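Just work-v3.cif here, mmCIF, C-alpha atoms:
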```
data_entry
#
loop_
_atom_site.label_atom_id
_atom_site.label_comp_id
_atom_site.auth_asym_id
_atom_site.auth_seq_id
_atom_site.Cartn_x
_atom_site.Cartn_y
_atom_site.Cartn_z
CA MET A 1 337.17 7.18 88.80
CA CYS A 2 337.12 10.34 90.83
CA LEU A 3 335.30 10.95 94.07
CA SER A 4 332.17 12.41 92.51
CA ASP A 5 331.83 9.36 90.28
CA ALA A 6 331.98 7.05 93.28
CA LEU A 7 329.47 9.22 95.10
CA ALA A 8 327.15 9.22 92.09
CA LEU A 9 327.39 5.45 91.83
CA GLY A 10 326.69 4.87 95.50
CA VAL A 11 323.78 7.26 95.70
CA GLY A 12 322.47 5.91 92.42
CA ALA A 13 322.47 2.34 93.70
CA ILE A 14 320.62 3.39 96.84
CA THR A 15 318.17 5.40 94.75
CA LEU A 16 317.43 2.43 92.51
CA ALA A 17 316.83 0.19 95.52
CA LEU A 18 314.46 2.75 97.02
CA ALA A 19 312.65 3.18 93.71
CA SER A 20 312.05 -0.55 93.43
CA MET A 21 310.68 -0.47 96.96
CA VAL A 22 308.16 2.14 95.77
CA VAL A 23 306.81 -0.32 93.24
CA LEU A 24 307.04 -3.45 95.39
CA SER A 25 305.80 -2.34 98.79
CA ARG A 26 302.35 -3.46 99.82
CA ASN A 27 301.25 -0.49 101.84
CA PRO A 28 300.71 2.67 99.76
CA LEU A 29 301.85 4.79 102.68
CA TYR A 30 305.21 3.04 102.79
CA ALA A 31 305.44 3.44 99.03
CA ALA A 32 304.92 7.19 99.45
CA PHE A 33 307.72 7.37 102.00
CA PHE A 34 310.03 5.37 99.73
CA LEU A 35 309.09 7.75 96.92
CA LEU A 36 310.14 10.63 99.15
CA LEU A 37 313.55 9.02 99.76
CA THR A 38 313.95 8.27 96.06
CA LEU A 39 313.29 11.89 95.18
CA LEU A 40 315.86 12.99 97.75
CA GLY A 41 318.35 10.62 96.14
CA VAL A 42 317.69 12.20 92.75
CA ALA A 43 318.19 15.61 94.33
CA VAL A 44 321.60 14.46 95.56
CA GLU A 45 322.42 13.37 92.01
CA TYR A 46 321.47 16.86 90.79
CA ALA A 47 323.81 18.32 93.38
CA ILE A 48 326.61 16.03 92.19
CA LEU A 49 325.95 17.32 88.68
CA GLN A 50 326.31 20.84 90.15
CA ALA A 51 322.73 21.77 89.32
CA HIS A 52 322.23 23.23 92.77
CA PHE A 53 319.17 25.27 91.95
CA LEU A 54 317.42 22.23 90.54
CA ALA A 55 318.37 20.20 93.59
CA ALA A 56 316.71 22.80 95.79
CA ILE A 57 313.66 22.93 93.53
CA GLN A 58 313.47 19.15 93.57
CA ILE A 59 313.41 19.03 97.35
CA LEU A 60 310.98 21.93 97.64
CA VAL A 61 308.48 20.96 94.97
CA TYR A 62 308.73 17.19 94.80
CA ALA A 63 309.54 16.21 98.36
CA GLY A 64 307.84 19.20 99.90
CA ALA A 65 304.70 19.47 97.84
CA ILE A 66 303.95 16.44 95.69
CA VAL A 67 304.78 13.73 98.22
CA VAL A 68 302.99 15.64 100.94
CA LEU A 69 299.96 15.83 98.65
CA ILE A 70 300.12 12.08 98.05
CA ILE A 71 300.47 11.31 101.75
CA PHE A 72 297.66 13.72 102.56
CA VAL A 73 295.31 12.03 100.12
CA LEU A 74 296.35 8.60 101.41
CA MET A 75 295.62 9.49 104.99
CA MET A 76 292.44 11.38 104.21
CA MET A 77 291.04 8.52 102.18
CA GLY A 78 292.23 5.90 104.61
CA PHE A 79 293.86 3.66 102.04
CA GLY A 80 295.93 2.43 104.90
CA ARG A 81 296.74 -1.22 104.64
CA GLU A 82 295.14 -2.22 101.42
CA GLY A 83 297.92 -4.45 100.29
CA TYR A 84 298.31 -6.08 96.95
CA GLN A 85 295.13 -6.28 95.06
CA GLY A 86 295.90 -9.70 93.74
CA ILE A 87 298.40 -9.78 90.94
CA SER A 88 298.13 -13.10 89.19
CA PRO A 89 301.54 -14.72 88.61
CA PRO A 90 301.40 -15.04 84.79
CA ARG A 91 300.41 -11.42 84.52
CA SER A 92 303.19 -10.18 86.75
CA PHE A 93 305.69 -12.40 84.94
CA LEU A 94 304.58 -10.93 81.63
CA PHE A 95 304.95 -7.36 82.82
CA LEU A 96 308.25 -7.97 84.59
CA SER A 97 309.69 -9.53 81.46
CA PHE A 98 308.45 -6.55 79.46
CA GLY A 99 310.21 -4.26 81.91
CA PHE A 100 313.46 -6.16 81.61
CA LEU A 101 313.14 -6.17 77.83
CA LEU A 102 312.79 -2.41 77.87
CA LEU A 103 315.73 -2.11 80.25
CA PHE A 104 318.03 -4.19 78.08
CA ALA A 105 316.89 -2.51 74.88
CA ILE A 106 317.65 0.98 76.15
CA ALA A 107 320.86 -0.18 77.82
CA GLY A 108 322.00 -1.68 74.54
CA GLY A 109 321.23 1.54 72.74
CA LEU A 110 323.05 3.53 75.39
CA SER A 111 326.17 1.41 75.21
CA LEU A 112 326.13 1.60 71.41
CA SER A 113 325.92 5.37 71.52
CA ALA A 114 328.61 5.40 74.19
CA ASP A 115 330.88 3.64 71.69
CA THR A 116 330.01 6.27 69.12
CA ILE A 117 330.80 9.09 71.49
CA ALA A 118 334.01 7.37 72.52
CA SER A 119 335.08 7.16 68.90
CA PHE A 120 334.33 10.86 68.65
CA ARG A 121 336.69 11.84 71.35
CA THR A 122 339.65 9.56 70.63
CA ALA A 123 341.41 12.35 68.82
CA LYS A 124 342.42 14.91 71.38
CA ALA A 125 341.36 13.83 74.81
CA THR A 126 344.41 14.09 76.95
CA PRO A 127 344.14 12.06 80.14
CA ALA A 128 344.32 15.21 82.21
CA GLU A 129 341.03 16.64 81.02
CA SER A 130 337.79 15.33 82.34
CA ARG A 131 335.29 13.37 80.32
CA PHE A 132 332.86 16.22 80.31
CA GLN A 133 335.45 18.54 78.84
CA ALA A 134 336.26 15.96 76.19
CA PHE A 135 332.58 15.55 75.37
CA SER A 136 332.04 19.24 75.11
CA LYS A 137 335.12 19.74 73.00
CA ASN A 138 333.75 17.29 70.50
CA LEU A 139 330.34 18.83 70.76
CA GLN A 140 331.78 22.23 70.02
CA ALA A 141 332.95 20.88 66.72
CA VAL A 142 329.53 19.43 65.95
CA GLN A 143 327.35 22.09 67.42
CA PRO A 144 327.49 24.93 64.89
CA VAL A 145 325.83 22.57 62.44
CA LEU A 146 323.04 21.67 64.83
CA ILE A 147 322.46 24.92 66.66
CA PRO A 148 323.70 28.02 64.91
CA PRO A 149 325.23 30.40 67.42
CA LEU A 150 323.32 33.56 68.08
CA ALA A 151 324.57 36.65 66.34
CA GLU A 152 325.74 39.39 68.62
CA ASN A 153 322.69 41.58 68.02
CA ASP A 154 320.34 38.64 68.54
CA ARG A 155 321.33 38.35 72.15
CA VAL A 156 319.20 39.83 74.85
CA PRO A 157 319.87 43.54 74.90
CA SER A 158 321.05 45.10 78.07
CA GLN A 159 322.26 48.58 78.70
CA ASN A 160 324.71 47.79 81.39
CA PRO A 161 327.89 46.18 80.11
CA ALA A 162 328.46 44.61 83.49
CA THR A 163 325.08 42.90 83.25
CA SER A 164 325.80 41.58 79.81
CA ALA A 165 329.12 40.29 81.00
CA ARG A 166 327.28 38.46 83.72
CA LEU A 167 324.68 37.24 81.27
CA ALA A 168 327.28 35.43 79.26
CA ALA A 169 327.47 32.64 81.72
CA LYS A 170 330.73 30.84 82.17
CA GLU A 171 330.98 27.20 82.92
CA GLY A 172 331.66 27.85 86.55
CA ASP A 173 328.22 29.40 86.78
CA PHE A 174 326.45 26.22 85.75
CA GLY A 175 323.36 25.56 87.75
CA THR A 176 323.62 28.42 90.16
CA ILE A 177 320.45 30.20 91.15
CA GLU A 178 321.59 33.35 89.39
CA THR A 179 322.34 31.74 86.04
CA THR A 180 319.25 29.58 85.97
CA GLY A 181 316.98 32.30 87.27
CA ARG A 182 318.20 34.82 84.74
CA SER A 183 317.76 32.37 81.96
CA LEU A 184 314.29 31.55 83.26
CA ILE A 185 312.98 35.10 83.29
CA ILE A 186 314.93 36.54 80.35
CA GLU A 187 315.35 34.00 77.61
CA HIS A 188 312.73 31.47 78.63
CA VAL A 189 310.09 33.82 79.93
CA LEU A 190 307.47 32.18 77.71
CA ALA A 191 307.97 28.85 79.50
CA PHE A 192 307.73 30.69 82.81
CA GLU A 193 304.37 32.23 81.86
CA ILE A 194 303.10 28.94 80.45
CA ILE A 195 303.86 27.33 83.80
CA SER A 196 301.78 29.96 85.58
CA ILE A 197 298.81 29.45 83.25
CA LEU A 198 299.17 25.69 83.64
CA LEU A 199 299.08 25.97 87.42
CA LEU A 200 296.00 28.17 87.24
CA MET A 201 294.27 25.66 85.00
CA ALA A 202 295.18 22.88 87.42
CA ILE A 203 293.72 24.79 90.37
CA VAL A 204 290.45 25.40 88.56
CA GLY A 205 290.37 21.85 87.22
CA VAL A 206 290.91 20.24 90.60
CA VAL A 207 288.18 22.36 92.16
CA VAL A 208 285.77 21.42 89.37
CA ILE A 209 286.64 17.72 89.59
CA LEU A 210 286.34 17.53 93.34
CA ARG A 211 283.21 19.61 93.74
CA ASP A 212 280.49 17.58 95.31
CA PRO A 213 277.57 17.49 92.88
CA ARG A 214 275.08 17.30 95.75
CA ILE A 215 276.13 20.76 96.83
CA ALA A 216 274.67 22.69 93.92
CA ALA A 217 273.93 26.37 93.64
CA PRO A 218 273.91 28.49 96.81
CA PRO A 219 270.52 28.51 98.52
CA THR A 220 270.13 32.27 98.22
CA SER A 221 269.37 31.96 94.49
CA PRO A 222 266.74 29.26 94.08
CA SER A 223 265.48 30.48 90.71
CA LYS A 224 266.35 28.28 87.78
CA GLY A 225 267.21 31.04 85.40
CA ASN A 226 270.25 32.26 87.29
CA SER A 227 273.72 32.03 85.89
CA SER A 228 275.22 29.73 88.45
CA ALA A 229 277.20 26.81 87.13
CA LYS A 230 275.32 23.69 86.23
CA THR A 231 276.98 20.59 87.51
CA PRO A 232 276.45 17.35 85.68
CA SER A 233 275.80 14.95 88.49
CA MET B 1 332.49 13.08 85.93
CA ALA B 2 331.08 10.29 83.91
CA LEU B 3 327.91 10.93 82.03
CA ASP B 4 326.99 7.29 81.64
CA ILE B 5 326.48 6.73 85.37
CA PHE B 6 323.66 9.24 85.32
CA LEU B 7 322.22 7.91 82.10
CA PHE B 8 322.12 4.35 83.40
CA LEU B 9 320.60 5.51 86.67
CA SER B 10 317.98 7.36 84.67
CA LEU B 11 317.35 4.23 82.62
CA GLY B 12 316.92 2.14 85.77
CA LEU B 13 314.48 4.61 87.31
CA PHE B 14 312.46 4.79 84.12
CA SER B 15 312.24 1.01 83.81
CA ILE B 16 311.15 0.67 87.42
CA GLY B 17 308.47 3.26 86.75
CA VAL B 18 307.24 1.43 83.66
CA VAL B 19 307.09 -1.86 85.54
CA GLY B 20 305.19 -0.14 88.34
CA VAL B 21 302.63 1.31 85.96
CA LEU B 22 302.10 -2.08 84.34
CA LEU B 23 302.26 -4.24 87.44
CA ARG B 24 300.24 -2.44 90.06
CA ARG B 25 296.53 -2.11 89.84
CA ASN B 26 296.06 0.47 92.56
CA ALA B 27 295.70 3.89 90.95
CA LEU B 28 297.86 5.51 93.63
CA PHE B 29 300.80 3.25 92.85
CA ILE B 30 300.40 4.08 89.18
CA LEU B 31 300.59 7.80 89.95
CA MET B 32 303.73 7.29 92.03
CA SER B 33 305.33 5.24 89.26
CA VAL B 34 304.60 8.00 86.79
CA GLU B 35 306.43 10.37 89.13
CA LEU B 36 309.41 8.02 89.04
CA MET B 37 309.43 8.05 85.25
CA LEU B 38 309.29 11.85 85.14
CA ASN B 39 312.21 11.97 87.56
CA ALA B 40 314.22 9.65 85.36
CA VAL B 41 313.71 11.94 82.38
CA ASN B 42 314.67 14.95 84.48
CA LEU B 43 317.89 13.28 85.55
CA ALA B 44 318.84 12.51 81.95
CA LEU B 45 318.10 16.11 80.98
CA VAL B 46 320.26 17.52 83.76
CA ALA B 47 323.11 15.16 82.86
CA PHE B 48 323.02 16.23 79.21
CA SER B 49 322.76 19.85 80.24
CA ARG B 50 325.88 19.42 82.36
CA MET B 51 327.59 17.86 79.39
CA HIS B 52 326.82 20.94 77.30
CA ALA B 53 327.85 23.38 79.98
CA ALA B 54 331.36 23.99 78.70
CA SER B 55 330.44 24.50 75.07
CA SER B 56 327.29 26.54 75.28
CA ALA B 57 325.85 28.12 78.39
CA GLN B 58 322.56 28.68 76.62
CA ALA B 59 322.11 25.03 75.82
CA ALA B 60 322.88 24.15 79.43
CA ALA B 61 320.34 26.66 80.70
CA THR B 62 317.72 25.39 78.26
CA GLY B 63 318.05 21.90 79.66
CA GLN B 64 317.55 23.16 83.17
CA ILE B 65 314.54 25.26 82.22
CA THR B 66 313.04 22.18 80.60
CA VAL B 67 313.51 20.34 83.87
CA ILE B 68 311.77 23.12 85.77
CA MET B 69 308.90 22.95 83.30
CA ILE B 70 308.65 19.18 83.73
CA ILE B 71 308.63 19.54 87.51
CA ALA B 72 305.73 22.00 87.23
CA VAL B 73 303.87 19.64 84.90
CA ALA B 74 304.51 16.79 87.35
CA ALA B 75 303.02 18.84 90.17
CA VAL B 76 299.95 19.59 88.07
CA GLU B 77 299.68 15.95 87.06
CA ALA B 78 299.88 14.81 90.67
CA ALA B 79 297.21 17.26 91.75
CA VAL B 80 294.75 16.41 88.98
CA GLY B 81 295.50 12.70 89.27
CA MET B 82 294.88 12.75 92.99
CA ALA B 83 291.62 14.60 92.43
CA ILE B 84 290.49 11.93 89.98
CA VAL B 85 291.55 9.16 92.38
CA VAL B 86 289.57 10.77 95.19
CA THR B 87 286.54 11.09 92.94
CA ILE B 88 286.81 7.41 91.95
CA PHE B 89 287.24 6.48 95.60
CA ARG B 90 284.06 8.32 96.50
CA SER B 91 281.93 6.94 93.72
CA SER B 92 283.13 3.33 93.91
CA ARG B 93 283.24 3.04 97.71
CA GLY B 94 286.92 2.62 98.30
CA ASN B 95 287.88 0.70 95.20
CA VAL B 96 290.72 2.26 93.21
CA ASP B 97 291.63 -0.87 91.25
CA VAL B 98 292.09 0.30 87.68
CA ASP B 99 291.20 -3.10 86.25
CA THR B 100 287.71 -3.13 87.66
CA LEU B 101 287.09 0.48 86.70
CA GLY B 102 286.08 -0.14 83.14
CA GLU B 103 283.92 2.87 82.51
CA LEU B 104 284.20 6.56 83.15
CA LYS B 105 280.61 7.16 84.11
CA GLY B 106 280.16 6.73 87.84
#
```

Using structure tokens, write down the structure from this file.
Amino acid sequence: MCLSDALALGVGAITLALASMVVLSRNPLYAAFFLLLTLLGVAVEYAILQAHFLAAIQILVYAGAIVVLIIFVLMMMGFGREGYQGISPPRSFLFLSFGFLLLFAIAGGLSLSADTIASFRTAKATPAESRFQAFSKNLQAVQPVLIPPLAENDRVPSQNPATSARLAAKEGDFGTIETTGRSLIIEHVLAFEIISILLLMAIVGVVVILRDPRIAAPPTSPSKGNSSAKTPS
Amino acid sequence: MALDIFLFLSLGLFSIGVVGVLLRRNALFILMSVELMLNAVNLALVAFSRMHAASSAQAAATGQITVIMIIAVAAVEAAVGMAIVVTIFRSSRGNVDVDTLGELKG
């Protein structure tokens, strides 16, 4: 076990404890703060996995935007100290047992697949190489069947040979802002544009949902035949 | 680095999220639990993407772009969900218990 493994284990244990506090705490405001800490813990895990760009995005978007939105709504609505809204014991026992069933089912599947992967890599894994390298070596053998490698003229064209050399990302570039950003706006530009349309739809949708039906058309146009939006109230 | 640490952490987060969605009746807690579940999936994606990093840089980048997409969807989901919760709060005078909210029409 190397240092990063120990770090990942420790942070993971803390993250799990914080996540269970999100579900178990009585006050929704405390739950929101525990959610914030949980998301920071996940961001640390991303950083341990060397996905630094995603760690930054996680802190910016999740901790900076989503949790602030939740806390803002909580304080604006004054949910304050609402507490448990009465969970009956048989009901909570049922759901907790369902949760544990799910946990053990997926854990069993994971350990089974871990055995499979371990049998994959028995062949060549020298003790010096890391587990990730061993995994990927085995995956390299499997991968041409699953994902055919791109032909040379299928790659993204670029005039500058230096740029294309940089485009072919090496493993050391994993998760850097440059690699991920390039991939985002060159190869996965469709996903990028879909995100923008999705955000626009969300803005319009939230405004429509939250519009007060009592505030109808502007008073300057009292005629009924105008084209202002009709709100079902 | 061991992949299974991250996978089991992701499993734990997802299960906690599922239990939260089932157990709590306050709509705000349900939204927060859904965020936990989305985070668990993101963590598993990043771990697999790291696993693929040596063999194929494109596969690794695809995993990360998927995570960015999921984060954007989570932000949208939080915004729309909060809007719906606020609307329910207004129309039912402070009650956001999902068990008593049996019908959509206010």

Polymer residues at most 12 Å from region 74-81 of chain B, all atoms listed in the file, same-chain spacing of 4 or more positions, as a PyMOL selection string
(chain A and resi 57-58+60-73+195-210) or (chain B and resi 27-39+41-42+67-70+85-88)

Residue IDs satisfying the PyMOL selection byres ((chain A and resi 39) around 9), as an MDAnalysis selection string:
(chainID A and resid 15 19 34:38 40:44 58:59 62:63) or (chainID B and resid 36 39)

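With all atoms listed in the file as the atoms that count, the minimum distance from Val98 (chain B) to the choices B:Ser55, B:Asn26, B:Ser49, B:Thr62 is reached by B:Asn26.
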
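Computed from the coordinates, the CA of Ser97 (chain A) to CA of Asp97 (chain B) distance equals 22.3 Å.
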
List, as number ranges by chain, every residue that the PyMOL selection byres ((chain B) within 6 of (chain A)) selects in the file provided.
B: 1, 15, 19-20, 51-55, 57, 76, 80, 83

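We find CA of Gln64 (chain B) and CA of Val46 (chain B) to be spaced 6.3 Å apart.
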
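CA of Phe14 (chain B) lies 23.8 Å from CA of Ile84 (chain B).
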
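Comparing B:Leu9, B:Val73, B:Ala40, B:Ala47 by their smallest distance to Ala60 (chain B), the closest is B:Ala47 (using only C-alpha atoms).
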
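Distance annotation: of B:Asp99, B:Leu11, B:Met82, B:Ser56, the residue with the minimal separation from Leu23 (chain B) is B:Asp99; atom set is only C-alpha atoms.
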
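Using only C-alpha atoms, the smallest distance between any of B:Leu7, B:Leu43, B:Ile65, B:Leu22 and Ile186 (chain A) comes from B:Ile65.
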